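Presented below is the structure to which this report refers.
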Amino acid sequence: MDYEKILDALQQRIGYQFQEIELLNNAVTHKSFANEQLRDPAACNERKEFLGDAVLDLVMADVLYHNYPELPEGELSRIRSELVSATALARVARHLNLGSCLRLGRGEYKSGGQDKDNLLADALEAVFGAIFLDSGWDSARSVLDALFQGGVVQVAGRKSQDFKTRFQELAQARYAQAPIYDLVEVKGPDHQREYTVSVVCDGQLLGQGNGSSKKAAQQQAARVALMTLEVEMPSNEIL
């Protein structure tokens, strides 16, 4: 199969057709190939990787901000970090069979570069940067939404898994009763409220949390309560 057909197949898997195919060609060009075959170190994908990294961060931040309004900044940051980690990106790249499209120098190819996490992750970010350059934000956002939708739901579900749900399950198993959330304090102007909520179970204050809504504060209180129980209980009792 010639290289043009390889790139055509990759575009089909990505779900995006490039107007300027050279952008994609550059996105899959590793510096080892640029040095050995092109004799031009600047012809590698590193600049597009830099751009794609920023595009990916912004898309994931936008998706998480709008889809998970109950989560505080710290949780959003942690979820995004997991989604854009080299391991996670390499997983997406393997799903796209991106490794078979990489242009690598002889040494890098022989050492298994087509399946190295860091090379796959870098090339995937470069592809995102290339899409952004080819037709802008909306196209990049659409492609990323399609590629990461399942991962966002999975990681967000595992990370936050709604701390209230996790804590309620644990409290039922531990105390045979549901936790009680109490609104402790509301402060700040109408447009910038801060709520403080405590959570009690079996007569014990197990956690307190703050947030810009009662729901967010409850999530934080449940998270603190989970941490409290993890300290107090043997690890095999923790869900």
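Simple scheme: letters A, B, ... for chains in structure tokens order, numbers from 1 for residues in each chain, numbers from 1 for ligands in the order shown.
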
Quiz prompt | Contacts of A:Arg80 within 9 Å, only C-alpha atoms, excl. fewer than 3 positions in-chain, as a PyMOL selection string | solution = chain A and resi 57+60-61+64+75-77+83-85+152+155-156

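Near A:Tyr109, within 12 Å and counting only C-alpha atoms, sit A:His30, A:Lys31, A:Ser32, A:Phe33, A:Gly99, A:Ser100, A:Cys101, A:Leu102, A:Arg103, A:Leu104, A:Gln114, A:Asp115, A:Lys116, A:Leu119; same-chain residues fewer than 5 positions away were not included.
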
Practice problem: Write down as a count of residues only the residues belonging to stretch 23-170 of chain A that are assigned helix (DSSP H, G or I) by DSSP computed on the backbone. | Solution: 121

Quiz item: So, counting only C-alpha atoms, which residue among A:Phe128, A:Thr196, A:Leu183, A:Arg39 is closest to A:Leu147?
Solution: A:Phe128

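Neighbouring residues of A:Glu46 at 8 Å or closer, counting only C-alpha atoms and skipping chain neighbours under 2 positions away, are His30, Lys31, Cys44, Lys48, Glu49, Phe50, Asp122 and Ala126 of chain A.
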
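Using only C-alpha atoms, the smallest distance between any of A:His191, A:Gly209, A:Gly151, A:Ala9 and A:Ile79 comes from A:Gly151.
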
Quiz item: Hey, what's within 8 Å of A:Gln219 if we count only C-alpha atoms and toss same-chain stuff fewer than 5 positions away? As a PyMOL selection string, please?
Solution: chain A and resi 70-71+162-164+209

Produce a file of the selected residues containing C-alpha atoms, as a compact mmCIF listing (two decimals), in the first residue's frame.
# COMPACT_ATOMS: atom_id res chain seq x y z
CA GLU A 70 -21.03 19.89 40.06
CA LEU A 71 -17.30 19.15 40.10
CA ASP A 162 -20.11 11.08 42.18
CA PHE A 163 -18.54 11.02 45.59
CA LYS A 164 -22.01 11.14 47.14
CA GLY A 209 -17.03 20.74 52.01

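For the atom pair formed by atom CA of A:Ser212 and atom CA of A:Gln149, the distance is 26.2 Å, given to one decimal.
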
Practice problem: For A:Glu22, list every protein, DNA or RNA residue within 10 Å, evaluated using only C-alpha atoms, and leave out those in the same chain fewer than 5 positions away; present the list as a PyMOL selection string. | Solution: chain A and resi 27+130+134
